[in-house]
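A.B. asks: One structure follows; several queries about it will come next.
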Amino acid sequence: MTLNDNVRRQVREKANYLCEYCHSSEEASAANFAIDHIMPRSLGGTDDLENLALACQRCNGYRYNFVTGIDPITQEEIQLFNPRIQVWADHFIWSADGLKIIGKTSVGRATCERLDLNDDYHNDGSIVKARRLWVRGGWHPPDGDSQE
């Protein structure tokens, strides 16, 4: 099913135009963000608003159809962060310089790993380089997000 413009607008507004996983700003991106199915359609997810999240292209690509990740501390398989039932600030915090997302909980750590939120494994750290520029411009981290 194709999502209509009204549903896309509602998802963007609910997300405050931020990727709901890495909190990158859609305005700072060269491409519109994707509407992500929290429970992928391939695993039985629906197009209901409660199952839709705004995701930047990199988070959407790394998330793919995964719903779990491995917590690097406990080595347990954990459900990924769900922006419809969980609060970002409960699971994540920015490093003091605002360049890296730190998982505060098993959910946060597993999500950081699975989605490679700091480009530790891909892209030669390009997201951290972009965040450095955003910090210099004064528009990162997003208002309301905490830092170490």
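Just so we're on the same page: first chain in the structure tokens is A, next is B, and so on; residues restart at 1 for each chain, and ligands are numbered from 1 in the order they show up.
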Please identify all polymer residues within 7 Å of segment 117-126 of chain A, counting only C-alpha atoms, omitting same-chain residues fewer than 5 positions from it, and present them as a ChimeraX atom specification.

C.D. replies: /A:22,100-101,112

A.B. asks: Can you write just those residues out, N, CA, C and O atoms, as a short mmCIF file (atom, residue, chain, number, x, y, z; two decimals), in the first residue's frame?

C.D. replies:
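Resulting contents of part-v3.cif:
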data_model
loop_
_atom_site.label_atom_id
_atom_site.label_comp_id
_atom_site.auth_asym_id
_atom_site.auth_seq_id
_atom_site.Cartn_x
_atom_site.Cartn_y
_atom_site.Cartn_z
N CYS A 22 18.35 8.44 14.79
CA CYS A 22 19.61 9.16 15.04
C CYS A 22 19.43 10.64 15.31
O CYS A 22 20.40 11.34 15.59
N LYS A 100 28.52 12.04 18.88
CA LYS A 100 28.18 10.62 18.92
C LYS A 100 26.98 10.36 19.81
O LYS A 100 26.81 10.99 20.85
N ILE A 101 26.17 9.41 19.38
CA ILE A 101 25.03 8.96 20.16
C ILE A 101 25.51 7.81 21.04
O ILE A 101 26.16 6.88 20.56
N CYS A 112 22.09 1.40 18.60
CA CYS A 112 23.31 2.05 18.11
C CYS A 112 24.14 1.09 17.26
O CYS A 112 24.64 1.47 16.20
#

A.B. asks: Env of Ile78 of chain A: 7 Å cut, atoms = only C-alpha atoms, seq-sep filter 6 positions within chain, self excluded. Answer as JSON, numbers by chain.

C.D. replies: {"A": [68, 69, 70, 71, 106, 107, 110]}

A.B. asks: Could you check the closest approach to His37 of chain A for each of A:Arg58, A:Arg63, A:Arg132, A:His23 and tell me which residue wins, using only C-alpha atoms?

C.D. replies: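 With only C-alpha atoms as the atom set, the closest residue is A:Arg63.
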
A.B. asks: Let me make sure I understand: among A:Pro83, A:Glu13, A:Gln75, A:Ile93, which one has the smallest atom-to-atom distance to Asp36 of chain A if we use only C-alpha atoms?

C.D. replies: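 Residue with the minimum atom-to-atom distance to Asp36 of chain A: A:Pro83.
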
A.B. asks: Taking the DSSP assignment computed from this structure's backbone, write out as number ranges by chain all residues of segment 35-95 of chain A that belong to strand (DSSP E).

C.D. replies: A: 35-37, 52-55, 68-70, 77-79, 92-94

A.B. asks: What lies within 9 Å of Met39 of chain A using only C-alpha atoms, ignoring chain neighbours under 4 positions off, as a PyMOL selection string?

C.D. replies: chain A and resi 43-46+51-52+65-67

A.B. asks: Would you list, as number ranges by chain, the residues of chain A that end up in alpha helix (DSSP H) under DSSP run on this structure's backbone?

C.D. replies: A: 5-14, 57-63, 88-91, 106-115, 126-137

A.B. asks: Skip Leu99 of chain A itself and residues of its chain fewer than 5 positions away, then list as a list in words all residues within 7 Å of it, counting only C-alpha atoms.

C.D. replies: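 My reading of the contact set: Trp94, Val128, Arg131 and Arg132 of chain A.
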
A.B. asks: Show me, as a list of chain:residue names, the residues that have an atom within 12 Å of Asp145 of chain A when counting only C-alpha atoms, minus same-chain residues fewer than 5 positions from it.

C.D. replies: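 Listed by chain and then number, they are A:Leu18, A:Cys22, A:His23, A:Ser24, A:Val87, A:Trp88, A:Ala89, A:Asp90, A:His91, A:Phe92, A:Ile93, A:Trp94, A:Ser95, A:Ala96, A:Gly98, A:Ile101, A:Ile102, A:Trp139, A:His140.
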
A.B. asks: With a distance cut-off of 8 Å and only C-alpha atoms, select the neighbouring residues of Phe33 of chain A, excluding the residue or stretch itself and same-chain residues fewer than 4 positions from it, and output the selection as a list in words.

C.D. replies: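 Skipping anything fewer than 4 positions along the chain leaves Cys19, Glu26, Leu54, Ala55, Cys56 and Gln57 of chain A.
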